[in-house]
Amino acid sequence: MSQHPDRIAPHGGILVNRIATLDQRQEFFDQAEVLPRVQLSERSLSDLQMIAIGAFSPLKGFMIEADYRSVVKEMRLSNGLPWSIPITLSVSEAVADTLTEGTRVRLDSPNGEFAGVLELAEKYRYSKEEEAINVYRTDDLKHPGVQVVDKSGPVNLAGEVWLLERELDIRFPQYQIDPAKSRILFKEKGWKTIVGFQTRNPIHRAHEYIQKCALETVDGLFLHPLVGTTKDDDIPADVRMRCYEILLEKYYPKDRVILAINPAAMRYAGPREAIFHALIRKNYGCTHFIVGRDHAGVGDYYGTYDAQYIFEEFEPGELGIVPMKFEHAFYCKLTEQMATTKTSPSTPEQRVHLSGTKVREMLRAGKLPPPQFSRPEVAAELAKAMNIFSYEI
């Protein structure tokens with residue numbers, strides 16, 4: 001690990017690096033066949049990668065019990081540092097019984113490949129109901145985050161980890177920009193203020209509006225779509241990335257936007273995940289973070305602006321990144337432009353509300369989103385990808 005004298009420090013002050021050196025890799029491979037094994041889920045593999053590249057700084061591994069319990073109850077690590085989402089590796093009792101604290105555990109990817117090593121410090125049981133209620137604000141098994149908790153093993157394995165190798169994401173190699181690299185890019189561009197934007201949906205006009213509003217007050221935009229595990233009915237990552245490319249080619253200033261992938265898995269934890277997403281972007285070097293309507297929400301489990309209100313539970317400056325809060329943007333028929341209630345004189349019936357959910361519903365119904373929803377080129381790409389019908393711009 002090394003100190004980073006950047007304009008915004010990583011969370012906790014140091015950018016973590018848990019990618020094995022060549023010598024460490026050789027040592028781990030020499031032990032590979034004798035180490036006990038744990039097979040990771042897609043989400044756990046993503047967490048391993050995020051820890052290793054420093055995106056989850058200051059975490060060096062899966063949470064020990066003291067940190068886990070403090071995060072679930074207080075949204076803080078045991079040392080008091082803000083952190084809102086538990087990062088854990090859960091296994092069955094049968095698997096846990098084969099492992100000994102103080103030893104190494106081989107971590108295999110979902111397809112059985114040697115991915116990393118866990119220095120097992122603790123094994124501990126936890127309450128799934130308590131985690132669900134505190135983190136997701138519900139224990140409803142219809143909630144995708146609660147489903148993951150419910151299906152997880154009853155024992156958490158804790159300890160520092162090593163990722164064997166930071167492999168290139170073959171889907172988006174040019175957009176794999178890890179925190180150490182993004183910080184360098186920001187410095188090279190001379191950006192002193194950078195706003196991060198999180199999305200798991202295809203970009204639509206409301207997104208574009210709030211991003212450009214933010215760009216009026218900062219030096220650069222870090223467009224950072226999540227490409228890790230999402231719900232089955234979410235638009236695939238490759239389709240979303242192509243939509244971002246199309247939009248950036250024509251509608252954004254080329255020298256003020258960086259597009260990069262966020263390899264994290266989606267939790268759908270609403271307000272808590274908004275804090276989590278902000279801290280991740282802080283580690284990438286962002287000074288600001290956009291928080292819009294129902295950030296990281298799903299269904300009707302969270303209030304429209306709960307993800308904004310939760311930032312008020314921390315003292316100013318405590319998170320180390322500035323939330324930029326935006327109201328729900330809509331297309332105003334009266335002024336014929338994007339707006340919010342803060343800027344539009346329109347009545348409710350004169351507003352066209354946009355959302356990723358509505359875009360998906362229209363596409364599945366065989367309808368092309370109108371220009372008020374999506375740029376025509378983006379709408380055509382979505383329709384093409386979903387094999388609904390051919391459409392010419």
# chains A, B, ... in the order shown; residues from 1 in each chain; ligands from 1

$ residues_around --residues "Cys286 (chain A)" --least-positions-apart "4" --cutoff "8 Å" --atoms "only C-alpha atoms" --output "ChimeraX atom specification"
/A:8,193-196,222,281-282,321

$ residues_around --residues "region 41-45 of chain A" --least-positions-apart "5" --cutoff "7 Å" --atoms "only C-alpha atoms" --output "PyMOL selection string"
chain A and resi 89+109-110+229+265

$ closest_residue --among "A:Leu221, A:Ile203, A:Val34, A:Ala339" --to "Val359 (chain A)" --atoms "only C-alpha atoms"
A:Ile203

$ select_by_dssp --residues "region 14-121 of chain A" --states "alpha helix (DSSP H)" --output "MDAnalysis selection string"
chainID A and resid 22:31 42:52 65:74 93:97

$ write_last_selection --atoms "N, CA and C atoms" --output "compact mmCIF listing (two decimals), in the first residue's frame"
# COMPACT_ATOMS: atom_id res chain seq x y z
N LEU A 22 4.45 -11.13 -8.01
CA LEU A 22 4.87 -12.35 -8.71
C LEU A 22 5.37 -13.39 -7.71
N ASP A 23 6.14 -12.96 -6.72
CA ASP A 23 6.65 -13.90 -5.72
C ASP A 23 5.51 -14.49 -4.89
N GLN A 24 4.55 -13.66 -4.51
CA GLN A 24 3.41 -14.15 -3.74
C GLN A 24 2.59 -15.14 -4.57
N ARG A 25 2.37 -14.82 -5.82
CA ARG A 25 1.61 -15.71 -6.71
C ARG A 25 2.27 -17.08 -6.77
N GLN A 26 3.58 -17.09 -6.92
CA GLN A 26 4.29 -18.37 -6.99
C GLN A 26 4.12 -19.15 -5.69
N GLU A 27 4.21 -18.43 -4.58
CA GLU A 27 4.04 -19.08 -3.27
C GLU A 27 2.64 -19.67 -3.15
N PHE A 28 1.63 -18.92 -3.57
CA PHE A 28 0.26 -19.39 -3.48
C PHE A 28 0.02 -20.59 -4.41
N PHE A 29 0.57 -20.53 -5.62
CA PHE A 29 0.40 -21.64 -6.54
C PHE A 29 1.10 -22.90 -6.03
N ASP A 30 2.23 -22.73 -5.33
CA ASP A 30 2.92 -23.89 -4.76
C ASP A 30 2.06 -24.57 -3.70
N GLN A 31 1.19 -23.79 -3.04
CA GLN A 31 0.34 -24.34 -1.98
C GLN A 31 -1.06 -24.72 -2.48
N GLU A 42 -20.57 -15.17 -7.68
CA GLU A 42 -20.21 -14.06 -8.56
C GLU A 42 -20.04 -12.78 -7.74
N ARG A 43 -20.91 -12.57 -6.77
CA ARG A 43 -20.81 -11.36 -5.95
C ARG A 43 -19.55 -11.37 -5.09
N SER A 44 -19.23 -12.51 -4.49
CA SER A 44 -18.04 -12.59 -3.65
C SER A 44 -16.77 -12.42 -4.47
N LEU A 45 -16.78 -12.94 -5.69
CA LEU A 45 -15.62 -12.75 -6.58
C LEU A 45 -15.47 -11.27 -6.91
N SER A 46 -16.58 -10.60 -7.16
CA SER A 46 -16.55 -9.17 -7.42
C SER A 46 -16.02 -8.42 -6.20
N ASP A 47 -16.48 -8.80 -5.00
CA ASP A 47 -16.00 -8.16 -3.77
C ASP A 47 -14.50 -8.37 -3.61
N LEU A 48 -14.01 -9.56 -3.89
CA LEU A 48 -12.58 -9.84 -3.82
C LEU A 48 -11.81 -8.89 -4.73
N GLN A 49 -12.29 -8.71 -5.94
CA GLN A 49 -11.63 -7.84 -6.90
C GLN A 49 -11.67 -6.38 -6.43
N MET A 50 -12.82 -5.95 -5.92
CA MET A 50 -12.96 -4.57 -5.46
C MET A 50 -12.05 -4.28 -4.26
N ILE A 51 -11.92 -5.25 -3.37
CA ILE A 51 -11.00 -5.09 -2.25
C ILE A 51 -9.57 -4.96 -2.77
N ALA A 52 -9.21 -5.84 -3.69
CA ALA A 52 -7.83 -5.92 -4.17
C ALA A 52 -7.38 -4.65 -4.87
N GLU A 65 -15.76 -9.92 12.70
CA GLU A 65 -17.06 -9.80 13.36
C GLU A 65 -17.30 -8.41 13.93
N ALA A 66 -16.28 -7.80 14.55
CA ALA A 66 -16.47 -6.48 15.16
C ALA A 66 -16.86 -5.44 14.11
N ASP A 67 -16.21 -5.48 12.96
CA ASP A 67 -16.55 -4.55 11.88
C ASP A 67 -17.93 -4.85 11.32
N TYR A 68 -18.21 -6.13 11.10
CA TYR A 68 -19.51 -6.52 10.54
C TYR A 68 -20.66 -6.02 11.41
N ARG A 69 -20.60 -6.29 12.69
CA ARG A 69 -21.71 -5.92 13.57
C ARG A 69 -21.84 -4.40 13.68
N SER A 70 -20.73 -3.70 13.70
CA SER A 70 -20.77 -2.25 13.76
C SER A 70 -21.36 -1.65 12.49
N VAL A 71 -21.02 -2.22 11.34
CA VAL A 71 -21.54 -1.73 10.06
C VAL A 71 -23.05 -1.98 9.98
N VAL A 72 -23.48 -3.17 10.35
CA VAL A 72 -24.90 -3.50 10.28
C VAL A 72 -25.73 -2.58 11.18
N LYS A 73 -25.24 -2.31 12.35
CA LYS A 73 -26.03 -1.53 13.31
C LYS A 73 -25.80 -0.02 13.23
N GLU A 74 -24.55 0.38 12.98
CA GLU A 74 -24.20 1.80 13.10
C GLU A 74 -23.73 2.45 11.81
N GLU A 93 -22.17 -24.37 7.28
CA GLU A 93 -21.51 -24.88 8.49
C GLU A 93 -20.53 -26.00 8.13
N ALA A 94 -20.92 -26.83 7.17
CA ALA A 94 -20.06 -27.95 6.77
C ALA A 94 -18.72 -27.45 6.24
N VAL A 95 -18.77 -26.41 5.43
CA VAL A 95 -17.52 -25.84 4.90
C VAL A 95 -16.74 -25.17 6.02
N ALA A 96 -17.41 -24.39 6.85
CA ALA A 96 -16.74 -23.68 7.94
C ALA A 96 -16.03 -24.65 8.89
N ASP A 97 -16.64 -25.81 9.14
CA ASP A 97 -16.06 -26.78 10.06
C ASP A 97 -14.73 -27.35 9.57

$ closest_residue --among "A:Glu131, A:Asp306, A:Asp255, A:Glu313" --to "Lys189 (chain A)" --atoms "only C-alpha atoms"
A:Asp255

$ residues_around --residues "Ala274 (chain A)" --least-positions-apart "5" --cutoff "10 Å" --atoms "only C-alpha atoms" --output "mmCIF file with N, CA, C and O atoms, in the first residue's frame"
data_model
loop_
_atom_site.group_PDB
_atom_site.id
_atom_site.type_symbol
_atom_site.label_atom_id
_atom_site.label_comp_id
_atom_site.auth_asym_id
_atom_site.auth_seq_id
_atom_site.Cartn_x
_atom_site.Cartn_y
_atom_site.Cartn_z
ATOM 1 N N SER A 84 -21.200 1.585 5.090
ATOM 2 C CA SER A 84 -22.633 1.296 5.180
ATOM 3 C C SER A 84 -23.067 -0.099 4.755
ATOM 4 O O SER A 84 -24.186 -0.514 5.046
ATOM 5 N N ILE A 85 -22.222 -0.840 4.052
ATOM 6 C CA ILE A 85 -22.601 -2.155 3.534
ATOM 7 C C ILE A 85 -21.640 -3.224 4.053
ATOM 8 O O ILE A 85 -20.417 -3.065 3.927
ATOM 9 N N GLN A 198 -23.202 7.003 -10.789
ATOM 10 C CA GLN A 198 -23.483 5.571 -10.700
ATOM 11 C C GLN A 198 -24.750 5.246 -11.469
ATOM 12 O O GLN A 198 -25.751 5.958 -11.357
ATOM 13 N N TYR A 268 -28.831 -3.335 -4.291
ATOM 14 C CA TYR A 268 -30.203 -2.821 -4.248
ATOM 15 C C TYR A 268 -30.589 -2.415 -2.824
ATOM 16 O O TYR A 268 -31.706 -2.631 -2.382
ATOM 17 N N ALA A 269 -29.619 -1.835 -2.118
ATOM 18 C CA ALA A 269 -29.826 -1.466 -0.718
ATOM 19 C C ALA A 269 -30.261 -0.018 -0.549
ATOM 20 O O ALA A 269 -30.240 0.505 0.568
ATOM 21 N N LEU A 279 -18.635 6.342 -1.356
ATOM 22 C CA LEU A 279 -17.318 6.023 -0.813
ATOM 23 C C LEU A 279 -16.445 5.316 -1.853
ATOM 24 O O LEU A 279 -15.234 5.543 -1.914
ATOM 25 N N ILE A 280 -17.056 4.467 -2.663
ATOM 26 C CA ILE A 280 -16.306 3.813 -3.737
ATOM 27 C C ILE A 280 -15.751 4.864 -4.687
ATOM 28 O O ILE A 280 -14.567 4.831 -5.073
ATOM 29 N N PHE A 289 -20.358 13.405 -5.806
ATOM 30 C CA PHE A 289 -21.105 12.230 -6.238
ATOM 31 C C PHE A 289 -22.567 12.588 -6.415
ATOM 32 O O PHE A 289 -23.186 13.188 -5.531
ATOM 33 N N ILE A 290 -23.120 12.242 -7.570
ATOM 34 C CA ILE A 290 -24.521 12.545 -7.871
ATOM 35 C C ILE A 290 -25.453 11.546 -7.183
ATOM 36 O O ILE A 290 -25.278 10.332 -7.314
ATOM 37 N N VAL A 291 -26.423 12.075 -6.461
ATOM 38 C CA VAL A 291 -27.451 11.244 -5.824
ATOM 39 C C VAL A 291 -28.808 11.747 -6.310
ATOM 40 O O VAL A 291 -29.224 12.858 -5.986
ATOM 41 N N GLY A 292 -29.460 10.945 -7.102
ATOM 42 C CA GLY A 292 -30.745 11.355 -7.662
ATOM 43 C C GLY A 292 -31.914 10.675 -6.985
ATOM 44 O O GLY A 292 -31.842 10.257 -5.826
ATOM 45 N N ASP A 294 -34.398 7.928 -5.854
ATOM 46 C CA ASP A 294 -34.429 6.494 -5.551
ATOM 47 C C ASP A 294 -33.131 5.794 -5.933
ATOM 48 O O ASP A 294 -33.133 4.745 -6.585
ATOM 49 N N HIS A 295 -32.025 6.367 -5.511
ATOM 50 C CA HIS A 295 -30.719 5.803 -5.831
ATOM 51 C C HIS A 295 -30.605 4.371 -5.302
ATOM 52 O O HIS A 295 -30.875 4.108 -4.141
ATOM 53 N N ALA A 296 -30.194 3.453 -6.178
ATOM 54 C CA ALA A 296 -29.980 2.045 -5.824
ATOM 55 C C ALA A 296 -31.232 1.374 -5.281
ATOM 56 O O ALA A 296 -31.153 0.364 -4.587
ATOM 57 N N GLY A 297 -32.378 1.929 -5.617
ATOM 58 C CA GLY A 297 -33.620 1.365 -5.120
ATOM 59 C C GLY A 297 -34.149 0.252 -5.998
ATOM 60 O O GLY A 297 -33.682 -0.001 -7.102
ATOM 61 N N ASP A 306 -34.999 9.037 0.064
ATOM 62 C CA ASP A 306 -34.329 8.485 1.245
ATOM 63 C C ASP A 306 -32.819 8.398 1.050
ATOM 64 O O ASP A 306 -32.045 8.563 1.998
ATOM 65 N N ALA A 307 -32.396 8.129 -0.180
ATOM 66 C CA ALA A 307 -30.959 8.003 -0.458
ATOM 67 C C ALA A 307 -30.244 9.338 -0.335
ATOM 68 O O ALA A 307 -29.015 9.367 -0.195
ATOM 69 N N GLN A 308 -30.977 10.431 -0.389
ATOM 70 C CA GLN A 308 -30.378 11.745 -0.155
ATOM 71 C C GLN A 308 -30.386 12.088 1.332
ATOM 72 O O GLN A 308 -29.415 12.605 1.873
ATOM 73 N N ILE A 310 -30.146 10.183 3.854
ATOM 74 C CA ILE A 310 -29.217 9.411 4.684
ATOM 75 C C ILE A 310 -27.863 10.099 4.828
ATOM 76 O O ILE A 310 -27.153 9.903 5.823
ATOM 77 N N PHE A 311 -27.499 10.945 3.870
ATOM 78 C CA PHE A 311 -26.227 11.663 3.977
ATOM 79 C C PHE A 311 -26.236 12.628 5.154
ATOM 80 O O PHE A 311 -25.179 12.989 5.674
ATOM 81 N N PRO A 323 -22.014 15.017 -1.692
ATOM 82 C CA PRO A 323 -23.168 14.548 -2.468
ATOM 83 C C PRO A 323 -23.806 15.701 -3.224
ATOM 84 O O PRO A 323 -24.026 16.780 -2.656
#

$ select_by_dssp --residues "region 41-218 of chain A" --states "strand (DSSP E)" --output "number ranges by chain"
A: 61-62, 89-91, 104-108, 114-125, 155-163, 194-199

$ residues_around --residues "region 172-184 of chain A" --least-positions-apart "2" --cutoff "6 Å" --atoms "only C-alpha atoms" --output "number ranges by chain"
A: 169-170, 186-187, 260-261, 284-285

$ write_last_selection --atoms "C-alpha atoms" --output "PDB file, in the first residue's frame"
ATOM      1  CA  ASP A 169     -12.249  -7.587 -18.455  1.00  0.00           C
ATOM      2  CA  ILE A 170     -12.466  -8.881 -22.014  1.00  0.00           C
ATOM      3  CA  PHE A 186      -7.681  13.065 -13.203  1.00  0.00           C
ATOM      4  CA  LYS A 187      -4.321  14.594 -12.340  1.00  0.00           C
ATOM      5  CA  ALA A 260     -15.060   3.576 -16.930  1.00  0.00           C
ATOM      6  CA  ILE A 261     -16.598   0.361 -15.603  1.00  0.00           C
ATOM      7  CA  TYR A 284     -11.500   6.354  -7.384  1.00  0.00           C
ATOM      8  CA  GLY A 285     -10.616  10.008  -6.750  1.00  0.00           C
TER       9      GLY A 285
END

$ closest_residue --among "A:Met75, A:Glu113, A:Tyr301, A:Leu99" --to "Ala32 (chain A)" --atoms "only C-alpha atoms"
A:Glu113

$ atom_distance --atom1 "CA of Tyr124 (chain A)" --atom2 "CA of Lys151 (chain A)"
16.9 Å

$ atom_distance --atom1 "CA of Cys213 (chain A)" --atom2 "CA of Pro225 (chain A)"
18.5 Å

$ residues_around --residues "region 239-242 of chain A" --least-positions-apart "3" --cutoff "12 Å" --atoms "only C-alpha atoms" --output "VMD selection string"
chain A and resid 171 to 175 199 to 204 223 to 227 234 to 236 245 to 249 259 to 262 356 360 377 to 387

$ closest_residue --among "A:Asn17, A:Thr138, A:Thr357, A:Gln211" --to "Asp233 (chain A)" --atoms "only C-alpha atoms"
A:Thr357

$ residues_around --residues "Gly116 (chain A)" --least-positions-apart "6" --cutoff "6 Å" --atoms "only C-alpha atoms" --output "ChimeraX atom specification"
/A:107,162-164

$ write_last_selection --atoms "N, CA, C and O atoms" --output "compact mmCIF listing (two decimals), in the first residue's frame"
# COMPACT_ATOMS: atom_id res chain seq x y z
N LEU A 107 -9.34 -19.47 -2.50
CA LEU A 107 -10.62 -18.95 -3.00
C LEU A 107 -10.72 -19.22 -4.49
O LEU A 107 -9.88 -18.75 -5.28
N TRP A 162 -5.91 -11.84 -0.80
CA TRP A 162 -5.04 -11.52 -1.92
C TRP A 162 -5.71 -11.99 -3.20
O TRP A 162 -6.23 -13.10 -3.25
N LEU A 163 -5.73 -11.13 -4.19
CA LEU A 163 -6.19 -11.51 -5.53
C LEU A 163 -4.98 -11.98 -6.31
O LEU A 163 -3.96 -11.30 -6.36
N LEU A 164 -5.07 -13.17 -6.91
CA LEU A 164 -3.91 -13.73 -7.60
C LEU A 164 -3.45 -12.84 -8.74
O LEU A 164 -2.25 -12.60 -8.92

$ atom_distance --atom1 "CA of Arg76 (chain A)" --atom2 "CA of Arg137 (chain A)"
16.9 Å
